$ cat data.txt   # compact mmCIF, C-alpha atoms
# COMPACT_ATOMS: atom_id res chain seq x y z
CA MET P 1 -74.54 97.36 150.59
CA ASP P 2 -72.39 100.48 151.02
CA GLU P 3 -73.71 103.71 152.51
CA VAL P 4 -72.56 107.09 151.18
CA PRO P 5 -73.79 110.55 152.26
CA THR P 6 -77.22 110.91 150.66
CA SER P 7 -79.70 113.78 150.55
CA VAL P 8 -83.10 114.42 148.99
CA LEU P 9 -82.68 116.62 145.93
CA SER P 10 -86.43 116.85 145.31
CA ALA P 11 -89.13 115.68 147.70
CA GLU P 12 -91.77 115.89 144.96
CA ARG P 13 -92.76 112.26 144.45
CA CYS P 14 -92.53 110.87 140.93
CA HIS P 15 -95.00 108.25 139.77
CA LEU P 16 -92.24 107.08 137.41
CA GLY P 17 -89.07 109.13 137.77
CA GLU P 18 -86.71 108.51 134.84
CA GLY P 19 -84.31 109.97 132.30
CA PRO P 20 -82.02 112.20 134.40
CA THR P 21 -79.30 114.17 132.65
CA TYR P 22 -77.01 117.05 133.59
CA ASP P 23 -76.14 120.19 131.63
CA ALA P 24 -72.68 121.16 132.85
CA ALA P 25 -72.75 124.49 130.99
CA THR P 26 -75.62 125.74 133.18
CA ASP P 27 -75.11 123.48 136.24
CA THR P 28 -78.65 122.19 135.79
CA ALA P 29 -80.13 118.70 136.16
CA TRP P 30 -83.19 117.55 134.23
CA TRP P 31 -85.41 114.49 134.74
CA PHE P 32 -88.92 113.23 134.01
CA ASP P 33 -91.97 111.84 135.70
CA ILE P 34 -93.08 109.80 132.69
CA ARG P 35 -96.55 108.84 133.88
CA GLU P 36 -97.53 112.31 135.09
CA ARG P 37 -96.11 114.12 132.02
CA ARG P 38 -93.74 116.32 134.00
CA LEU P 39 -90.21 117.62 133.31
CA PHE P 40 -88.11 118.58 136.34
CA GLU P 41 -85.40 121.25 136.18
CA HIS P 42 -83.04 121.65 139.15
CA ARG P 43 -80.63 124.57 139.19
CA PHE P 44 -77.78 123.80 141.55
CA ALA P 45 -76.66 127.44 141.73
CA ASP P 46 -79.73 128.45 143.74
CA GLY P 47 -81.08 125.03 144.74
CA ARG P 48 -84.37 125.69 142.98
CA THR P 49 -86.45 122.99 141.29
CA VAL P 50 -88.97 123.96 138.60
CA ILE P 51 -91.58 121.49 137.30
CA HIS P 52 -92.72 121.90 133.69
CA ALA P 53 -96.01 120.34 132.55
CA LEU P 54 -95.78 118.45 129.26
CA PRO P 55 -98.53 117.69 126.72
CA LYS P 56 -97.54 114.02 126.49
CA MET P 57 -95.45 111.38 128.19
CA ALA P 58 -91.71 111.92 127.74
CA SER P 59 -88.73 109.98 129.04
CA ALA P 60 -85.40 111.47 127.94
CA LEU P 61 -83.71 114.75 127.10
CA ALA P 62 -80.49 115.69 125.32
CA ARG P 63 -78.85 119.07 124.84
CA ILE P 64 -78.61 120.35 121.26
CA ASP P 65 -77.05 123.71 122.15
CA GLY P 66 -77.48 126.47 124.71
CA GLU P 67 -80.96 127.33 123.49
CA ARG P 68 -82.46 123.97 122.46
CA GLN P 69 -83.01 120.47 123.76
CA LEU P 70 -84.23 117.28 122.11
CA ILE P 71 -87.08 115.59 124.01
CA LEU P 72 -88.02 111.93 123.49
CA THR P 73 -91.78 111.42 123.88
CA GLU P 74 -94.37 108.70 123.41
CA ASP P 75 -94.85 109.61 119.72
CA GLY P 76 -91.57 111.15 118.58
CA PHE P 77 -88.73 113.57 119.11
CA TYR P 78 -89.45 117.24 119.77
CA VAL P 79 -87.10 120.20 119.84
CA ARG P 80 -87.70 122.08 123.08
CA HIS P 81 -86.80 125.75 123.32
CA VAL P 82 -85.35 126.31 126.78
CA ALA P 83 -86.43 129.95 127.03
CA ASP P 84 -90.18 129.29 126.82
CA GLY P 85 -90.63 125.49 126.75
CA ARG P 86 -92.07 125.56 123.23
CA LEU P 87 -92.05 122.16 121.48
CA GLU P 88 -91.59 121.56 117.74
CA LEU P 89 -91.89 118.08 116.22
CA PHE P 90 -88.57 116.89 114.82
CA VAL P 91 -89.44 113.34 113.78
CA SER P 92 -92.30 110.96 114.58
CA LEU P 93 -91.70 107.59 116.24
CA GLU P 94 -94.13 104.68 116.26
CA SER P 95 -96.91 107.27 116.16
CA ASP P 96 -99.20 104.69 114.51
CA ASN P 97 -98.65 102.19 117.34
CA PRO P 98 -100.81 103.02 120.39
CA VAL P 99 -99.34 100.10 122.33
CA THR P 100 -95.88 101.63 122.83
CA ARG P 101 -94.21 104.61 124.47
CA SER P 102 -90.62 105.76 124.84
CA ASN P 103 -88.36 104.71 127.70
CA ASP P 104 -84.61 104.75 128.32
CA ALA P 105 -82.13 106.70 126.15
CA ARG P 106 -78.64 108.18 126.11
CA VAL P 107 -76.34 110.07 123.72
CA HIS P 108 -73.22 108.37 122.35
CA PRO P 109 -69.96 110.40 122.36
CA SER P 110 -70.36 110.86 118.57
CA GLY P 111 -73.71 112.63 119.09
CA THR P 112 -75.86 109.66 118.02
CA PHE P 113 -78.89 109.23 120.30
CA TRP P 114 -79.78 105.65 121.29
CA PHE P 115 -83.27 105.16 122.68
CA GLY P 116 -85.87 102.51 123.39
CA THR P 117 -89.61 101.93 123.20
CA MET P 118 -91.78 99.55 125.22
CA GLY P 119 -95.38 98.52 125.67
CA ARG P 120 -97.40 100.81 127.92
CA ARG P 121 -98.24 97.72 129.96
CA ALA P 122 -94.80 96.16 129.42
CA GLU P 123 -96.21 93.81 126.78
CA LYS P 124 -93.62 91.14 126.01
CA GLY P 125 -91.45 91.99 123.00
CA ALA P 126 -93.51 95.05 122.04
CA GLY P 127 -90.59 97.50 122.10
CA ALA P 128 -87.31 98.05 120.31
CA ILE P 129 -84.00 99.91 120.58
CA TYR P 130 -83.17 102.53 117.96
CA ALA P 131 -80.46 105.00 117.05
CA LEU P 132 -81.08 108.57 115.91
CA HIS P 133 -78.00 109.16 113.76
CA ARG P 134 -77.62 112.51 112.02
CA GLY P 135 -81.38 113.05 112.02
CA ARG P 136 -82.39 109.58 110.76
CA ILE P 137 -83.85 106.78 112.90
CA THR P 138 -82.54 103.22 112.52
CA ARG P 139 -84.02 100.27 114.38
CA LEU P 140 -81.20 98.30 115.97
CA TYR P 141 -82.84 95.59 118.11
CA PRO P 142 -86.51 94.55 117.89
CA GLU P 143 -88.65 92.51 120.30
CA ILE P 144 -87.45 94.29 123.45
CA THR P 145 -89.79 94.18 126.43
CA ILE P 146 -88.36 96.94 128.71
CA PRO P 147 -85.34 98.78 127.23
CA ASN P 148 -82.96 100.12 129.86
CA ALA P 149 -79.32 100.77 130.79
CA ILE P 150 -78.38 102.38 127.46
CA CYS P 151 -74.86 103.76 127.99
CA PHE P 152 -71.43 103.83 126.38
CA SER P 153 -67.75 103.39 127.15
CA PRO P 154 -65.77 106.64 127.46
CA ASN P 155 -64.21 106.37 123.99
CA GLY P 156 -67.44 105.15 122.39
CA ASP P 157 -66.22 101.76 121.17
CA ILE P 158 -68.63 99.77 123.37
CA GLY P 159 -72.36 100.14 123.92
CA TYR P 160 -74.48 98.64 126.65
CA PHE P 161 -78.23 98.09 126.85
CA ALA P 162 -80.60 95.93 128.85
CA ASP P 163 -83.93 94.26 128.47
CA THR P 164 -85.32 94.35 131.99
CA GLY P 165 -87.88 91.79 130.85
CA ARG P 166 -85.00 89.33 130.56
CA ASN P 167 -83.01 91.00 133.39
CA THR P 168 -79.98 90.93 131.10
CA LEU P 169 -77.41 93.60 130.27
CA TYR P 170 -75.82 93.29 126.82
CA ARG P 171 -72.51 94.56 125.47
CA VAL P 172 -72.01 95.41 121.79
CA PRO P 173 -68.99 96.71 119.80
CA LEU P 174 -69.51 100.10 118.14
CA ASP P 175 -67.87 102.34 115.58
CA PRO P 176 -66.70 105.20 117.82
CA SER P 177 -67.14 107.72 115.01
CA THR P 178 -70.84 106.94 114.44
CA GLY P 179 -72.07 105.18 117.57
CA LEU P 180 -73.51 102.38 115.42
CA PRO P 181 -72.95 98.64 115.99
CA VAL P 182 -70.15 96.80 114.19
CA GLY P 183 -70.89 93.43 115.76
CA ASP P 184 -73.55 91.45 117.57
CA PRO P 185 -74.56 92.01 121.21
CA VAL P 186 -73.52 89.46 123.81
CA ALA P 187 -74.97 88.96 127.28
CA LEU P 188 -72.69 90.56 129.88
CA ILE P 189 -74.78 90.38 133.07
CA LYS P 190 -77.76 88.15 133.82
CA HIS P 191 -79.06 89.53 137.09
CA GLN P 192 -80.52 87.08 139.56
CA GLY P 193 -82.00 87.82 142.94
CA VAL P 194 -83.80 90.90 144.22
CA GLY P 195 -84.76 93.61 141.72
CA GLY P 196 -84.12 94.24 138.06
CA ILE P 197 -81.65 96.04 135.83
CA ASP P 198 -82.80 99.61 135.14
CA GLY P 199 -81.07 102.82 133.97
CA ALA P 200 -77.28 103.08 133.82
CA ILE P 201 -74.32 105.37 133.14
CA VAL P 202 -70.60 104.78 132.56
CA ASP P 203 -67.95 106.76 134.43
CA ALA P 204 -64.57 108.07 133.23
CA ASP P 205 -62.92 104.76 134.15
CA GLY P 206 -65.41 102.68 132.16
CA LEU P 207 -67.32 101.39 135.20
CA ILE P 208 -71.06 100.83 134.78
CA TRP P 209 -73.34 102.42 137.41
CA ASN P 210 -76.69 100.62 137.20
CA ALA P 211 -79.86 101.43 139.14
CA ARG P 212 -81.55 98.29 140.44
CA TRP P 213 -85.35 98.61 140.30
CA GLY P 214 -86.82 96.97 143.38
CA GLY P 215 -83.40 96.71 144.99
CA GLY P 216 -83.00 100.25 146.30
CA CYS P 217 -79.41 100.62 145.14
CA ILE P 218 -76.87 101.45 142.47
CA ASP P 219 -74.74 98.46 141.42
CA ILE P 220 -71.27 99.27 140.07
CA TYR P 221 -69.77 96.82 137.57
CA ASP P 222 -66.49 96.69 135.69
CA PRO P 223 -66.54 96.20 131.87
CA THR P 224 -66.28 92.41 132.31
CA GLY P 225 -69.56 92.38 134.25
CA ARG P 226 -68.02 91.85 137.70
CA ARG P 227 -69.94 93.65 140.44
CA LEU P 228 -67.59 95.79 142.49
CA ARG P 229 -69.96 97.35 145.04
CA SER P 230 -73.53 98.50 145.63
CA LEU P 231 -74.58 101.90 146.98
CA ARG P 232 -77.82 102.13 148.91
CA VAL P 233 -80.62 104.38 147.61
CA PRO P 234 -83.38 105.31 150.12
CA ALA P 235 -86.27 104.27 147.82
CA SER P 236 -86.74 100.68 146.70
CA GLN P 237 -87.66 101.49 143.08
CA SER P 238 -84.45 103.29 142.16
CA SER P 239 -84.68 103.87 138.43
CA CYS P 240 -81.83 105.81 136.81
CA PRO P 241 -78.59 107.64 137.74
CA ALA P 242 -76.77 110.68 136.31
CA PHE P 243 -73.44 112.23 137.22
CA VAL P 244 -73.90 115.83 138.38
CA GLY P 245 -71.83 118.73 139.72
CA ARG P 246 -68.95 120.66 138.25
CA ASP P 247 -66.58 117.74 138.90
CA PHE P 248 -69.23 115.04 138.19
CA SER P 249 -68.50 113.43 141.56
CA ARG P 250 -72.11 113.22 142.77
CA VAL P 251 -74.84 110.94 141.48
CA LEU P 252 -78.46 111.96 141.02
CA VAL P 253 -80.86 109.00 141.28
CA THR P 254 -84.54 109.03 140.34
CA SER P 255 -87.14 106.71 141.84
CA ALA P 256 -90.80 105.75 141.44
CA TRP P 257 -93.93 104.49 143.17
CA GLN P 258 -95.36 102.80 140.07
CA ASP P 259 -97.39 99.63 140.83
CA MET P 260 -97.03 100.09 144.60
CA ASP P 261 -100.18 99.81 146.67
CA GLU P 262 -100.84 101.90 149.78
CA ALA P 263 -99.18 99.42 152.13
CA GLN P 264 -96.08 99.16 149.95
CA ARG P 265 -95.77 102.93 149.78
CA ALA P 266 -96.11 103.18 153.56
CA ALA P 267 -93.32 100.61 153.95
CA ASP P 268 -91.12 102.60 151.55
CA PRO P 269 -91.52 106.17 152.88
CA GLU P 270 -89.01 107.79 150.49
CA HIS P 271 -90.72 106.34 147.39
CA GLY P 272 -90.72 108.53 144.29
CA LYS P 273 -88.26 111.11 145.58
CA THR P 274 -85.09 112.17 143.75
CA PHE P 275 -81.80 111.74 145.57
CA LEU P 276 -78.23 113.03 145.52
CA LEU P 277 -75.45 110.62 146.47
CA ASP P 278 -72.05 112.05 147.42
CA ALA P 279 -70.38 109.05 145.85
CA ALA P 280 -66.91 110.48 145.06
CA ALA P 281 -67.51 109.27 141.51
CA ARG P 282 -65.23 109.91 138.54
CA GLY P 283 -68.09 110.82 136.27
CA ARG P 284 -68.11 112.59 132.94
CA ALA P 285 -70.19 115.03 130.93
CA GLU P 286 -73.04 113.95 128.68
CA PRO P 287 -72.37 114.78 125.00
CA ASP P 288 -74.68 116.97 122.94
CA VAL P 289 -76.93 115.28 120.39
CA ARG P 290 -76.09 115.92 116.72
CA LEU P 291 -79.06 116.32 114.41
CA SER P 292 -77.23 116.68 111.09
$ encode --input "data.txt" --output "structure tokens"
Amino acid sequence: MDEVPTSVLSAERCHLGEGPTYDAATDTAWWFDIRERRLFEHRFADGRTVIHALPKMASALARIDGERQLILTEDGFYVRHVADGRLELFVSLESDNPVTRSNDARVHPSGTFWFGTMGRRAEKGAGAIYALHRGRITRLYPEITIPNAICFSPNGDIGYFADTGRNTLYRVPLDPSTGLPVGDPVALIKHQGVGGIDGAIVDADGLIWNARWGGGCIDIYDPTGRRLRSLRVPASQSSCPAFVGRDFSRVLVTSAWQDMDEAQRAADPEHGKTFLLDAAARGRAEPDVRLS
């Protein structure tokens, strides 16, 4: 386990911190506390963190343009107006299924938004992975238990996703112009040992940076699935990374205290905090989502 300079970006503890992303145009990071219906906004220019209350559970955010964001929630996608936080329904998602909620998501370089749903109690096979392509939702992979690690190669020809229920990361060939599959997924990594595969990003060199839930670290893999190194995170339930900073060299990592009892929280004193790793990464910007 490698150590890199690490600081606490936000000491506000998240019940289930997830879905970090970075808006390079405004030097602002965004992430969620899914369970507590909160959206965090951290402005690096002044070091200020603002917490926005949400009317429902949400798990991911993508930039549409300078004034609007697309928010993935438990019952659909909403356009969020940055100026006042106003939400407008864009399209419903599994709104007739009270068992499920949204989870992991990421935007493909083409602007297509991949995202997943899961059972609120992680019911086996209750979720699925979808693509929002030019405003229309297509179900890609059904019977997913806990969708995670959605991310893409730099040129968009490869997609990755995981089912944490199986502790397996899959690789699938994509059409770079649409972000849609052109072949079947194959298992790339079957994690064994401590922890489980959670959120992930891909850097400019095509390396996969994967948060290991229950392992308190970020595992870095090459595109063949070979683990190159692991970076320690101060909270055991590290959940998802994002490249941040003007040069994308630092890594924001969310964490959680979900399902931890009082003794477990006491033994993990940094639980639920959000961290900044000076990892000397070669990260890259997140693309904007395209709605039409």
$ residues_around --input "data.txt" --residues "Phe248 of chain P" --least-positions-apart "3" --cutoff "12 Å" --atoms "all atoms listed in the file" --output "list in words"
Thr21, Tyr22, Asp23, Ala24, Asp27, Ala29, Val202, Asp203, Ala204, Pro241, Ala242, Phe243, Val244, Gly245, Val251, Leu252, Leu276, Leu277, Asp278, Ala279, Ala280, Ala281, Arg282, Gly283, Arg284, Ala285 and Glu286 of chain P
$ residues_around --input "data.txt" --residues "Gly111 of chain P" --least-positions-apart "3" --cutoff "12 Å" --atoms "all atoms listed in the file" --output "number ranges by chain"
P: 62-65, 70, 106-108, 114, 131-135, 152, 156, 176-180, 286-292
$ axis_aligned_box --input "data.txt" --around "segment 185-203 of chain P" --padding-each-side "8 Å" --output "AutoDock Vina command-line options"
--center_x -76.4 --center_y 96.9 --center_z 132.7 --size_x 32.8 --size_y 35.7 --size_z 39.0
$ residues_near_point --input "data.txt" --point "(-84.7, 103.8, 151.3)" --cutoff "10 Å" --atoms "only C-alpha atoms" --output "PDB file with C-alpha atoms, in the frame of the given file"
ATOM      1  CA  GLY P 215     -83.400  96.710 144.990  1.00  0.00           C
ATOM      2  CA  GLY P 216     -83.000 100.250 146.300  1.00  0.00           C
ATOM      3  CA  CYS P 217     -79.410 100.620 145.140  1.00  0.00           C
ATOM      4  CA  ARG P 232     -77.820 102.130 148.910  1.00  0.00           C
ATOM      5  CA  VAL P 233     -80.620 104.380 147.610  1.00  0.00           C
ATOM      6  CA  PRO P 234     -83.380 105.310 150.120  1.00  0.00           C
ATOM      7  CA  ALA P 235     -86.270 104.270 147.820  1.00  0.00           C
ATOM      8  CA  SER P 236     -86.740 100.680 146.700  1.00  0.00           C
ATOM      9  CA  GLN P 237     -87.660 101.490 143.080  1.00  0.00           C
ATOM     10  CA  SER P 238     -84.450 103.290 142.160  1.00  0.00           C
ATOM     11  CA  ALA P 267     -93.320 100.610 153.950  1.00  0.00           C
ATOM     12  CA  ASP P 268     -91.120 102.600 151.550  1.00  0.00           C
ATOM     13  CA  PRO P 269     -91.520 106.170 152.880  1.00  0.00           C
ATOM     14  CA  GLU P 270     -89.010 107.790 150.490  1.00  0.00           C
ATOM     15  CA  HIS P 271     -90.720 106.340 147.390  1.00  0.00           C
ATOM     16  CA  LYS P 273     -88.260 111.110 145.580  1.00  0.00           C
TER      17      LYS P 273
END
$ residues_around --input "data.txt" --residues "Gln69 of chain P" --least-positions-apart "6" --cutoff "7 Å" --atoms "all atoms listed in the file" --output "list in words"
Leu61, Ala62, Arg63, Val79, Arg80, His81 and Val82 of chain P
$ atom_distance --input "data.txt" --atom1 "atom CA of Ser102 of chain P" --atom2 "atom CA of Ile144 of chain P"
12.0 Å
$ residues_around --input "data.txt" --residues "segment 6-17 of chain P" --least-positions-apart "2" --cutoff "10 Å" --atoms "all atoms listed in the file" --output "JSON, numbers by chain"
{"P": [3, 4, 19, 20, 31, 32, 33, 34, 35, 36, 37, 38, 39, 40, 42, 44, 47, 48, 49, 51, 59, 232, 233, 234, 237, 238, 239, 240, 250, 251, 252, 253, 254, 255, 256, 257, 258, 259, 260, 270, 271, 272, 273, 274, 275, 276, 277, 278, 279]}
$ atom_distance --input "data.txt" --atom1 "atom CA of Val99 of chain P" --atom2 "atom CA of Phe113 of chain P"
22.5 Å
$ build_atoms --input "data.txt" --residues "segment 169-190 of chain P" --atoms "N, CA, C and O atoms" --output "PDB file, in the frame of the given file"
ATOM      1  N   LEU P 169     -78.143  92.468 130.836  1.00  0.00           N
ATOM      2  CA  LEU P 169     -77.410  93.600 130.270  1.00  0.00           C
ATOM      3  C   LEU P 169     -76.506  93.074 129.157  1.00  0.00           C
ATOM      4  O   LEU P 169     -75.774  92.099 129.349  1.00  0.00           O
ATOM      5  N   TYR P 170     -76.594  93.710 127.991  1.00  0.00           N
ATOM      6  CA  TYR P 170     -75.820  93.290 126.820  1.00  0.00           C
ATOM      7  C   TYR P 170     -74.701  94.287 126.531  1.00  0.00           C
ATOM      8  O   TYR P 170     -74.806  95.482 126.835  1.00  0.00           O
ATOM      9  N   ARG P 171     -73.665  93.765 125.892  1.00  0.00           N
ATOM     10  CA  ARG P 171     -72.510  94.560 125.470  1.00  0.00           C
ATOM     11  C   ARG P 171     -72.363  94.381 123.958  1.00  0.00           C
ATOM     12  O   ARG P 171     -72.477  93.264 123.449  1.00  0.00           O
ATOM     13  N   VAL P 172     -72.111  95.487 123.237  1.00  0.00           N
ATOM     14  CA  VAL P 172     -72.010  95.410 121.790  1.00  0.00           C
ATOM     15  C   VAL P 172     -70.882  96.321 121.296  1.00  0.00           C
ATOM     16  O   VAL P 172     -70.718  97.442 121.789  1.00  0.00           O
ATOM     17  N   PRO P 173     -70.042  95.854 120.342  1.00  0.00           N
ATOM     18  CA  PRO P 173     -68.990  96.710 119.800  1.00  0.00           C
ATOM     19  C   PRO P 173     -69.565  97.762 118.857  1.00  0.00           C
ATOM     20  O   PRO P 173     -70.480  97.481 118.074  1.00  0.00           O
ATOM     21  N   LEU P 174     -69.012  98.980 118.928  1.00  0.00           N
ATOM     22  CA  LEU P 174     -69.510 100.100 118.140  1.00  0.00           C
ATOM     23  C   LEU P 174     -68.397 100.750 117.340  1.00  0.00           C
ATOM     24  O   LEU P 174     -67.214 100.662 117.700  1.00  0.00           O
ATOM     25  N   ASP P 175     -68.775 101.424 116.280  1.00  0.00           N
ATOM     26  CA  ASP P 175     -67.870 102.340 115.580  1.00  0.00           C
ATOM     27  C   ASP P 175     -67.851 103.637 116.387  1.00  0.00           C
ATOM     28  O   ASP P 175     -68.866 104.324 116.476  1.00  0.00           O
ATOM     29  N   PRO P 176     -66.719 104.005 116.975  1.00  0.00           N
ATOM     30  CA  PRO P 176     -66.700 105.200 117.820  1.00  0.00           C
ATOM     31  C   PRO P 176     -67.054 106.479 117.079  1.00  0.00           C
ATOM     32  O   PRO P 176     -67.528 107.439 117.702  1.00  0.00           O
ATOM     33  N   SER P 177     -66.876 106.502 115.767  1.00  0.00           N
ATOM     34  CA  SER P 177     -67.140 107.720 115.010  1.00  0.00           C
ATOM     35  C   SER P 177     -68.621 107.919 114.704  1.00  0.00           C
ATOM     36  O   SER P 177     -69.044 109.042 114.416  1.00  0.00           O
ATOM     37  N   THR P 178     -69.409 106.847 114.766  1.00  0.00           N
ATOM     38  CA  THR P 178     -70.840 106.940 114.440  1.00  0.00           C
ATOM     39  C   THR P 178     -71.752 106.520 115.583  1.00  0.00           C
ATOM     40  O   THR P 178     -72.935 106.869 115.579  1.00  0.00           O
ATOM     41  N   GLY P 179     -71.228 105.721 116.519  1.00  0.00           N
ATOM     42  CA  GLY P 179     -72.070 105.180 117.570  1.00  0.00           C
ATOM     43  C   GLY P 179     -72.961 104.050 117.122  1.00  0.00           C
ATOM     44  O   GLY P 179     -73.889 103.664 117.835  1.00  0.00           O
ATOM     45  N   LEU P 180     -72.693 103.470 115.950  1.00  0.00           N
ATOM     46  CA  LEU P 180     -73.510 102.380 115.420  1.00  0.00           C
ATOM     47  C   LEU P 180     -72.803 101.040 115.584  1.00  0.00           C
ATOM     48  O   LEU P 180     -71.566 100.977 115.555  1.00  0.00           O
ATOM     49  N   PRO P 181     -73.555  99.947 115.737  1.00  0.00           N
ATOM     50  CA  PRO P 181     -72.950  98.640 115.990  1.00  0.00           C
ATOM     51  C   PRO P 181     -72.081  98.152 114.821  1.00  0.00           C
ATOM     52  O   PRO P 181     -72.416  98.366 113.653  1.00  0.00           O
ATOM     53  N   VAL P 182     -71.006  97.459 115.176  1.00  0.00           N
ATOM     54  CA  VAL P 182     -70.150  96.800 114.190  1.00  0.00           C
ATOM     55  C   VAL P 182     -70.039  95.310 114.498  1.00  0.00           C
ATOM     56  O   VAL P 182     -69.202  94.617 113.931  1.00  0.00           O
ATOM     57  N   GLY P 183     -70.861  94.843 115.394  1.00  0.00           N
ATOM     58  CA  GLY P 183     -70.890  93.430 115.760  1.00  0.00           C
ATOM     59  C   GLY P 183     -72.179  93.135 116.500  1.00  0.00           C
ATOM     60  O   GLY P 183     -73.029  94.009 116.692  1.00  0.00           O
ATOM     61  N   ASP P 184     -72.321  91.888 116.904  1.00  0.00           N
ATOM     62  CA  ASP P 184     -73.550  91.450 117.570  1.00  0.00           C
ATOM     63  C   ASP P 184     -73.446  91.643 119.086  1.00  0.00           C
ATOM     64  O   ASP P 184     -72.367  91.513 119.670  1.00  0.00           O
ATOM     65  N   PRO P 185     -74.569  91.914 119.747  1.00  0.00           N
ATOM     66  CA  PRO P 185     -74.560  92.010 121.210  1.00  0.00           C
ATOM     67  C   PRO P 185     -74.337  90.646 121.854  1.00  0.00           C
ATOM     68  O   PRO P 185     -74.754  89.623 121.312  1.00  0.00           O
ATOM     69  N   VAL P 186     -73.680  90.667 123.001  1.00  0.00           N
ATOM     70  CA  VAL P 186     -73.520  89.460 123.810  1.00  0.00           C
ATOM     71  C   VAL P 186     -73.972  89.778 125.226  1.00  0.00           C
ATOM     72  O   VAL P 186     -73.856  90.914 125.694  1.00  0.00           O
ATOM     73  N   ALA P 187     -74.516  88.778 125.911  1.00  0.00           N
ATOM     74  CA  ALA P 187     -74.970  88.960 127.280  1.00  0.00           C
ATOM     75  C   ALA P 187     -73.770  89.164 128.200  1.00  0.00           C
ATOM     76  O   ALA P 187     -72.844  88.352 128.203  1.00  0.00           O
ATOM     77  N   LEU P 188     -73.787  90.257 128.958  1.00  0.00           N
ATOM     78  CA  LEU P 188     -72.690  90.560 129.880  1.00  0.00           C
ATOM     79  C   LEU P 188     -73.085  90.226 131.315  1.00  0.00           C
ATOM     80  O   LEU P 188     -72.286  89.662 132.065  1.00  0.00           O
ATOM     81  N   ILE P 189     -74.299  90.608 131.708  1.00  0.00           N
ATOM     82  CA  ILE P 189     -74.780  90.380 133.070  1.00  0.00           C
ATOM     83  C   ILE P 189     -76.185  89.817 133.007  1.00  0.00           C
ATOM     84  O   ILE P 189     -77.058  90.396 132.350  1.00  0.00           O
ATOM     85  N   LYS P 190     -76.412  88.699 133.651  1.00  0.00           N
ATOM     86  CA  LYS P 190     -77.760  88.150 133.820  1.00  0.00           C
ATOM     87  C   LYS P 190     -78.071  88.235 135.312  1.00  0.00           C
ATOM     88  O   LYS P 190     -77.619  87.393 136.090  1.00  0.00           O
TER      89      LYS P 190
END
